[in-house]
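Shown next, in structure tokens, is the structure this report addresses.
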Amino acid sequence: MHAHTGSENGASWAKLTLENADAWVAWDEQDGIDYAYGGSRTVPFDTSDEETATVLTRLAVNESQLKNRLINQALTDGVVSDFEGLPPGFLDSRVGGGRCVIRPRDEHIAAILADPLHEDFRRTIEPVFAGVGELLNDMNGAVKLTPDFGRFAGLADILYQYTPHVLGINRANGGCGGKSSFSTTGVIAAFESLKPNLNGALTLLGSDGAMGSEFFNYLKTSRYPDVAVADISYPDAQRSLDGYAVLASAPGRYTDQVLSRGGAIVANTWGNELENSSLDALRPGTLLLLAHNHSVPVGDPGLALMRQVSDRDITALPGQVLTLGGALTSRLEWFSRQAWPGELFNKPLAHEVVRKVVTHLVRRCMEAAGTAASTPYEAMLSI
């Protein structure tokens with residue numbers, strides 16, 4: 001198998017030209033780690049090589065690496081050292097950042113890969129995963145991937161046909177069975193630790209997505225009396241859902257109607273929306289949980305954006321610290337599979353680990369931000 005290799009912004013990558021798609025696999029360049037880990041996603045079929053490499057390395061370094069560094073620090077802090085039932089090696093593990101990005105060959109292939117229920121989905125994705133699996137095997141486990149989320153949870157089991165270096169596989173084979181519920185557990189833990197006003201407005205964005213729908217189910221059992229939801233999948237004319245108000249939404253940004261509600265806003269969205277929204281619409285005192293990837297621009301633009309938000313008396317937490325539950329559970333799965341091959345993954349334990357780690361890190365961010373008079377985003381980076 002021939003792979004074209006390169007590096008960019010602190011990450012190395014290999015590009016595979018495969019039947020039906022091109023696939024890039026990236027890993028960061030850290031020393032002293034057990035392996036590099038990340039999720040997988042597609043990009044539009046007409047995305048250039050340069051744009052794809054930029055997306056790939058940003059996700060590997062600014063999302064996966066950052067989440068795993070936070071997890072590494074929490075384990076160093078001993079947050080879950082007293083938990084019983086953890087597999088050998090987990091508490092001392094150090095994991096770096098990785099990622100896989102797949103670019104469909106053409107518009108027709110892209111349409112198939114966008115729908116896991118399509119009759120041609122499996123026969124289309126299998127040749128791609130065969131190539132990716134061969135690369136992961138050739139790398140002797142230096143990179144492990146999770147090609148699952150929400151309705152795509154079954155992809156992990158397809159890749160598992162070709163390599164053991166895949167996480168999120170089914171429980172019968174010792175896996176966690178998909179990471180979205182564990183990511184949601186972390187967001188809920190952060191939300192509860194920040195204690196938003198019970199009688200204040202609560203708005204959920206992305207309420208029809210993999211994580212957003214799970215958070216919506218959580219809210220349906222809560223005591224919050226003023227809940228509204230929004231998702232770009234809802235028809236423009238829809239005004240209510242299951243008795244909850246539906247607010248106007250727009251692709252690529254947050255609407256003024258959403259931001260002006262105040263109270264607590266939880267955003268389980270696609271990414272890059274905040275930087276394209278009117279910050280003037282935010283009401284002082286709002287709690288803003290940006291529970292998604294690409295929540296804050298990289299580098300100085302992100303620092304400036306979060307300072308602008310903070311200057312409006314808004315408490316905003318970035319996605320990396322909120323959504324690391326999936327990465328944490330995937331790590332727990334790997335060490336569990338090594339210690340106890342074929343045994344059922346301990347999902348209740350994983351949810352408890354996620355709750356404890358995210359709560360700890362959110363508190364550290366909030367305390368550090370208050371002490372240094374900085375933003376929670378800067379505090380997270382300093383951790």
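Identifiers in this document derive from the order of the structure tokens: chains are assigned A, B, ..., residues are numbered from 1 separately in each chain, and ligands are numbered from 1 in order of occurrence.
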
Quick one: everything within 7 Å of Gly141 of chain A, counting only C-alpha atoms, minus sequence neighbours fewer than 4 positions away in the same chain. Send it as a PDB file with C-alpha atoms, in the first residue's frame.
ATOM      1  CA  TYR A  35      -0.626   6.016  21.260  1.00  0.00           C
ATOM      2  CA  LEU A 136      -3.114   1.351  11.328  1.00  0.00           C
ATOM      3  CA  ASN A 137      -1.755  -2.202  11.444  1.00  0.00           C
ATOM      4  CA  HIS A 165      -6.789  -0.434  16.603  1.00  0.00           C
TER       5      HIS A 165
END

**Message:** Just want the 10 Å neighbourhood of Pro225 of chain A, counted on only C-alpha atoms, with same-chain residues fewer than 6 positions away dropped. Output as an MDAnalysis selection string.
**Reply:** chainID A and resid 198:202 219 244

**Item:** segment 96-100 of chain A surroundings by only C-alpha atoms, 9 Å radius, close-in-sequence under 3 positions cut, as a PyMOL selection string
**Value:** chain A and resi 11+23-31+33-42+56-57+59-69+132+143-147

Please produce an output containing N, CA, C and O atoms for each residue in the selection, written as a short mmCIF file (atom, residue, chain, number, x, y, z; two decimals), in the first residue's frame.
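Heads up, here's the output in part.cif:
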data_model
loop_
_atom_site.label_atom_id
_atom_site.label_comp_id
_atom_site.auth_asym_id
_atom_site.auth_seq_id
_atom_site.Cartn_x
_atom_site.Cartn_y
_atom_site.Cartn_z
N ALA A 11 1.61 18.14 13.46
CA ALA A 11 1.06 16.80 13.24
C ALA A 11 1.62 16.22 11.95
O ALA A 11 1.87 16.94 10.98
N ALA A 23 -8.28 9.06 2.00
CA ALA A 23 -8.33 9.08 3.46
C ALA A 23 -7.01 9.57 4.01
O ALA A 23 -5.93 9.14 3.57
N TRP A 24 -7.08 10.49 4.95
CA TRP A 24 -5.91 11.00 5.65
C TRP A 24 -5.96 10.51 7.09
O TRP A 24 -7.02 10.57 7.74
N VAL A 25 -4.85 10.05 7.62
CA VAL A 25 -4.72 9.69 9.03
C VAL A 25 -3.60 10.53 9.62
O VAL A 25 -2.48 10.56 9.07
N ALA A 26 -3.88 11.22 10.71
CA ALA A 26 -2.89 12.13 11.32
C ALA A 26 -2.60 11.71 12.75
O ALA A 26 -3.42 11.08 13.42
N TRP A 27 -1.42 12.07 13.21
CA TRP A 27 -1.03 11.86 14.60
C TRP A 27 -0.11 12.99 15.01
O TRP A 27 0.64 13.54 14.20
N ASP A 28 -0.18 13.39 16.28
CA ASP A 28 0.70 14.46 16.72
C ASP A 28 2.10 13.93 16.95
O ASP A 28 2.36 12.73 16.83
N GLU A 29 3.02 14.80 17.23
CA GLU A 29 4.43 14.43 17.27
C GLU A 29 4.98 14.41 18.69
O GLU A 29 6.14 14.70 18.94
N GLN A 30 4.12 14.05 19.65
CA GLN A 30 4.55 13.98 21.03
C GLN A 30 5.37 12.72 21.29
O GLN A 30 5.09 11.65 20.73
N ASP A 31 6.34 12.83 22.17
CA ASP A 31 7.10 11.69 22.65
C ASP A 31 6.47 11.19 23.95
O ASP A 31 5.77 11.91 24.65
N ILE A 33 4.14 8.88 24.61
CA ILE A 33 2.72 8.57 24.70
C ILE A 33 2.49 7.10 24.36
O ILE A 33 3.29 6.46 23.68
N ASP A 34 1.38 6.55 24.86
CA ASP A 34 1.04 5.16 24.56
C ASP A 34 0.59 5.02 23.11
O ASP A 34 0.89 4.03 22.45
N TYR A 35 -0.16 5.99 22.65
CA TYR A 35 -0.63 6.02 21.26
C TYR A 35 -1.29 7.37 21.02
O TYR A 35 -1.52 8.15 21.96
N ALA A 36 -1.58 7.67 19.76
CA ALA A 36 -2.34 8.87 19.40
C ALA A 36 -3.76 8.44 19.07
O ALA A 36 -3.97 7.40 18.44
N TYR A 37 -4.72 9.24 19.49
CA TYR A 37 -6.12 8.85 19.34
C TYR A 37 -6.95 10.00 18.78
O TYR A 37 -6.72 11.17 19.11
N GLY A 38 -7.92 9.66 17.95
CA GLY A 38 -8.86 10.66 17.47
C GLY A 38 -10.05 10.04 16.77
O GLY A 38 -10.07 8.83 16.49
N GLY A 39 -11.03 10.86 16.49
CA GLY A 39 -12.21 10.42 15.77
C GLY A 39 -12.02 10.50 14.27
O GLY A 39 -10.91 10.73 13.78
N SER A 40 -13.10 10.30 13.55
CA SER A 40 -13.08 10.32 12.10
C SER A 40 -14.24 11.16 11.59
O SER A 40 -15.29 11.24 12.24
N ARG A 41 -14.06 11.77 10.43
CA ARG A 41 -15.14 12.54 9.83
C ARG A 41 -14.90 12.63 8.33
O ARG A 41 -13.78 12.40 7.85
N THR A 42 -15.93 12.97 7.61
CA THR A 42 -15.78 13.22 6.18
C THR A 42 -15.72 14.72 5.94
O THR A 42 -16.14 15.53 6.78
N LEU A 56 -7.70 18.40 9.02
CA LEU A 56 -7.15 17.21 9.67
C LEU A 56 -6.24 17.57 10.83
O LEU A 56 -6.40 17.05 11.95
N THR A 57 -5.29 18.45 10.59
CA THR A 57 -4.32 18.77 11.64
C THR A 57 -4.94 19.61 12.74
O THR A 57 -4.57 19.48 13.91
N LEU A 59 -8.04 19.31 13.80
CA LEU A 59 -8.78 18.37 14.63
C LEU A 59 -7.83 17.50 15.46
O LEU A 59 -8.09 17.21 16.63
N ALA A 60 -6.71 17.09 14.86
CA ALA A 60 -5.76 16.23 15.58
C ALA A 60 -5.10 16.96 16.74
O ALA A 60 -4.94 16.40 17.83
N VAL A 61 -4.73 18.22 16.52
CA VAL A 61 -3.95 18.96 17.52
C VAL A 61 -4.84 19.77 18.46
O VAL A 61 -4.73 19.68 19.68
N ASN A 62 -5.74 20.57 17.89
CA ASN A 62 -6.51 21.49 18.71
C ASN A 62 -7.75 20.86 19.34
O ASN A 62 -8.36 21.46 20.23
N GLU A 63 -8.14 19.70 18.88
CA GLU A 63 -9.26 19.00 19.50
C GLU A 63 -8.77 17.73 20.20
O GLU A 63 -8.77 17.65 21.42
N SER A 64 -8.31 16.73 19.45
CA SER A 64 -7.95 15.44 20.05
C SER A 64 -6.77 15.55 21.01
O SER A 64 -6.81 15.02 22.12
N GLN A 65 -5.70 16.23 20.57
CA GLN A 65 -4.54 16.34 21.45
C GLN A 65 -4.90 17.11 22.72
O GLN A 65 -4.53 16.70 23.83
N LEU A 66 -5.62 18.20 22.56
CA LEU A 66 -5.97 19.02 23.72
C LEU A 66 -6.85 18.25 24.69
O LEU A 66 -6.64 18.29 25.91
N LYS A 67 -7.85 17.54 24.17
CA LYS A 67 -8.70 16.73 25.05
C LYS A 67 -7.88 15.68 25.80
O LYS A 67 -8.06 15.48 27.01
N ASN A 68 -6.97 15.02 25.10
CA ASN A 68 -6.18 13.99 25.76
C ASN A 68 -5.18 14.56 26.74
O ASN A 68 -4.87 13.93 27.75
N ARG A 69 -4.69 15.76 26.48
CA ARG A 69 -3.81 16.39 27.47
C ARG A 69 -4.58 16.72 28.74
O ARG A 69 -4.06 16.60 29.86
N VAL A 132 -7.57 1.99 5.47
CA VAL A 132 -7.24 2.65 6.74
C VAL A 132 -6.78 1.61 7.76
O VAL A 132 -5.79 1.82 8.48
N VAL A 143 -1.47 4.69 16.25
CA VAL A 143 -2.68 5.50 16.10
C VAL A 143 -3.89 4.59 16.25
O VAL A 143 -3.91 3.49 15.71
N LYS A 144 -4.88 5.08 17.01
CA LYS A 144 -6.15 4.37 17.15
C LYS A 144 -7.27 5.36 16.85
O LYS A 144 -7.19 6.53 17.23
N LEU A 145 -8.31 4.87 16.17
CA LEU A 145 -9.37 5.74 15.71
C LEU A 145 -10.73 5.30 16.25
O LEU A 145 -10.93 4.14 16.62
N THR A 146 -11.65 6.25 16.27
CA THR A 146 -13.04 5.97 16.61
C THR A 146 -13.92 6.49 15.49
O THR A 146 -14.28 7.67 15.48
N PRO A 147 -14.26 5.67 14.52
CA PRO A 147 -15.10 6.14 13.41
C PRO A 147 -16.58 5.99 13.71
O PRO A 147 -17.32 5.35 12.98
#

Name the residues of segment 169-306 of chain A that fall into strand (DSSP E or B) according to DSSP on the backbone, using the chain letters and numbers of this document, as a short mmCIF file (atom, residue, chain, number, x, y, z; two decimals) with N, CA, C and O atoms, in the first residue's frame.
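The result, written out as result37.cif:
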data_model
loop_
_atom_site.label_atom_id
_atom_site.label_comp_id
_atom_site.auth_asym_id
_atom_site.auth_seq_id
_atom_site.Cartn_x
_atom_site.Cartn_y
_atom_site.Cartn_z
N LEU A 202 -33.35 28.38 29.72
CA LEU A 202 -32.38 27.36 29.33
C LEU A 202 -32.63 27.03 27.86
O LEU A 202 -33.74 26.64 27.49
N THR A 203 -31.60 27.20 27.04
CA THR A 203 -31.74 26.99 25.60
C THR A 203 -30.76 25.94 25.14
O THR A 203 -29.57 26.00 25.45
N LEU A 204 -31.26 24.97 24.39
CA LEU A 204 -30.44 23.89 23.85
C LEU A 204 -30.36 24.03 22.33
O LEU A 204 -31.39 23.95 21.65
N LEU A 205 -29.18 24.20 21.80
CA LEU A 205 -28.96 24.28 20.36
C LEU A 205 -28.44 22.94 19.85
O LEU A 205 -27.65 22.28 20.51
N VAL A 227 -37.53 25.98 29.12
CA VAL A 227 -36.61 25.35 28.19
C VAL A 227 -37.07 25.62 26.76
O VAL A 227 -38.25 25.48 26.44
N ALA A 228 -36.13 26.01 25.90
CA ALA A 228 -36.39 26.17 24.47
C ALA A 228 -35.29 25.45 23.71
O ALA A 228 -34.16 25.29 24.21
N VAL A 229 -35.60 25.01 22.48
CA VAL A 229 -34.64 24.26 21.68
C VAL A 229 -34.54 24.87 20.29
O VAL A 229 -35.41 25.63 19.85
N ALA A 230 -33.46 24.52 19.59
CA ALA A 230 -33.27 24.98 18.21
C ALA A 230 -32.38 24.00 17.48
O ALA A 230 -31.44 23.44 18.07
N SER A 240 -42.95 24.56 18.12
CA SER A 240 -42.92 23.79 19.37
C SER A 240 -42.56 22.34 19.07
O SER A 240 -42.74 21.86 17.95
N LEU A 241 -42.03 21.64 20.07
CA LEU A 241 -41.64 20.24 19.96
C LEU A 241 -41.80 19.61 21.33
O LEU A 241 -41.14 20.04 22.30
N TYR A 244 -42.10 22.00 24.09
CA TYR A 244 -41.05 22.99 24.29
C TYR A 244 -41.01 23.95 23.10
O TYR A 244 -41.23 23.54 21.95
N ALA A 245 -40.68 25.20 23.38
CA ALA A 245 -40.60 26.21 22.33
C ALA A 245 -39.43 25.90 21.40
O ALA A 245 -38.35 25.50 21.85
N VAL A 246 -39.64 26.07 20.10
CA VAL A 246 -38.59 25.94 19.10
C VAL A 246 -38.23 27.33 18.60
O VAL A 246 -39.11 28.08 18.13
N ALA A 250 -30.11 29.09 12.25
CA ALA A 250 -29.53 29.37 10.94
C ALA A 250 -28.21 28.63 10.82
O ALA A 250 -27.47 28.51 11.80
N ARG A 253 -24.24 29.95 12.27
CA ARG A 253 -24.25 31.04 13.26
C ARG A 253 -25.37 30.80 14.26
O ARG A 253 -26.25 29.95 14.05
N ALA A 264 -28.99 30.03 30.61
CA ALA A 264 -27.98 29.06 30.20
C ALA A 264 -28.25 28.63 28.77
O ALA A 264 -29.39 28.35 28.40
N ILE A 265 -27.18 28.59 27.97
CA ILE A 265 -27.27 28.15 26.58
C ILE A 265 -26.28 27.00 26.40
O ILE A 265 -25.09 27.14 26.68
N VAL A 266 -26.79 25.85 25.95
CA VAL A 266 -25.96 24.69 25.68
C VAL A 266 -25.98 24.45 24.18
O VAL A 266 -27.04 24.23 23.60
N ALA A 267 -24.81 24.50 23.55
CA ALA A 267 -24.72 24.40 22.10
C ALA A 267 -24.04 23.09 21.69
O ALA A 267 -22.83 22.94 21.84
N LEU A 287 -24.70 31.89 30.87
CA LEU A 287 -23.77 30.75 30.91
C LEU A 287 -23.82 30.09 29.55
O LEU A 287 -24.88 29.65 29.10
N LEU A 288 -22.69 30.03 28.87
CA LEU A 288 -22.63 29.52 27.49
C LEU A 288 -21.71 28.31 27.44
O LEU A 288 -20.50 28.42 27.61
N LEU A 289 -22.30 27.13 27.18
CA LEU A 289 -21.52 25.90 27.08
C LEU A 289 -21.41 25.53 25.60
O LEU A 289 -22.40 25.13 24.98
N LEU A 290 -20.21 25.67 25.06
CA LEU A 290 -19.97 25.41 23.63
C LEU A 290 -19.54 23.95 23.47
O LEU A 290 -18.36 23.63 23.27
#

**Request:** Any chance you could list, as number ranges by chain, the residues in segment 225-275 of chain A that come up helix (DSSP H, G or I) when DSSP is run on the backbone?
**Result:** A: 256-259, 274-275

Show me a table, sorted first by chain and then by increasing residue number, of the residues of segment 36-150 of chain A having an atom at most 7 Å from segment 322-338 of chain A, each with its shortest atom pair and the distance in Å to one decimal, counting only C-alpha atoms and written as a Markdown table.
| residue | atom | partner | partner_atom | distance |
| --- | --- | --- | --- | --- |
| A:Lys67 | CA | A:Leu324 | CA | 5.6 |
| A:Ile71 | CA | A:Leu328 | CA | 6.8 |
| A:Pro87 | CA | A:Ser336 | CA | 5.3 |
| A:Pro88 | CA | A:Phe335 | CA | 7.0 |
| A:Gly89 | CA | A:Phe335 | CA | 6.7 |
| A:Phe90 | CA | A:Phe335 | CA | 6.0 |

Deliver the residues from the most recent selection as a file, using all heavy atoms, as a compact mmCIF listing (two decimals), in the first residue's frame.
# COMPACT_ATOMS: atom_id res chain seq x y z
N LYS A 67 -7.85 17.54 24.17
CA LYS A 67 -8.70 16.73 25.05
C LYS A 67 -7.88 15.68 25.80
O LYS A 67 -8.06 15.48 27.01
CB LYS A 67 -9.79 16.04 24.24
CG LYS A 67 -10.88 16.96 23.71
CD LYS A 67 -11.87 16.19 22.86
CE LYS A 67 -12.92 17.11 22.26
NZ LYS A 67 -13.89 16.38 21.40
N ILE A 71 -7.20 15.05 29.81
CA ILE A 71 -7.40 13.76 30.47
C ILE A 71 -6.12 13.31 31.16
O ILE A 71 -6.14 12.84 32.31
CB ILE A 71 -7.85 12.71 29.44
CG1 ILE A 71 -9.23 13.07 28.88
CG2 ILE A 71 -7.88 11.31 30.08
CD1 ILE A 71 -9.63 12.25 27.68
N PRO A 87 -8.88 -0.83 34.60
CA PRO A 87 -7.91 -1.79 34.06
C PRO A 87 -6.48 -1.37 34.32
O PRO A 87 -6.17 -0.17 34.43
CB PRO A 87 -8.22 -1.80 32.56
CG PRO A 87 -8.79 -0.44 32.30
CD PRO A 87 -9.58 -0.10 33.53
N PRO A 88 -5.55 -2.32 34.39
CA PRO A 88 -4.13 -2.01 34.56
C PRO A 88 -3.65 -1.09 33.43
O PRO A 88 -4.02 -1.27 32.27
CB PRO A 88 -3.44 -3.38 34.50
CG PRO A 88 -4.51 -4.36 34.83
CD PRO A 88 -5.79 -3.78 34.34
N GLY A 89 -2.82 -0.12 33.79
CA GLY A 89 -2.24 0.78 32.80
C GLY A 89 -3.04 2.03 32.54
O GLY A 89 -2.50 3.02 32.04
N PHE A 90 -4.32 2.03 32.88
CA PHE A 90 -5.16 3.18 32.56
C PHE A 90 -4.75 4.42 33.33
O PHE A 90 -4.62 5.51 32.75
CB PHE A 90 -6.63 2.84 32.84
CG PHE A 90 -7.56 4.02 32.70
CD1 PHE A 90 -7.90 4.49 31.44
CD2 PHE A 90 -8.09 4.65 33.82
CE1 PHE A 90 -8.76 5.58 31.30
CE2 PHE A 90 -8.93 5.73 33.69
CZ PHE A 90 -9.27 6.20 32.43
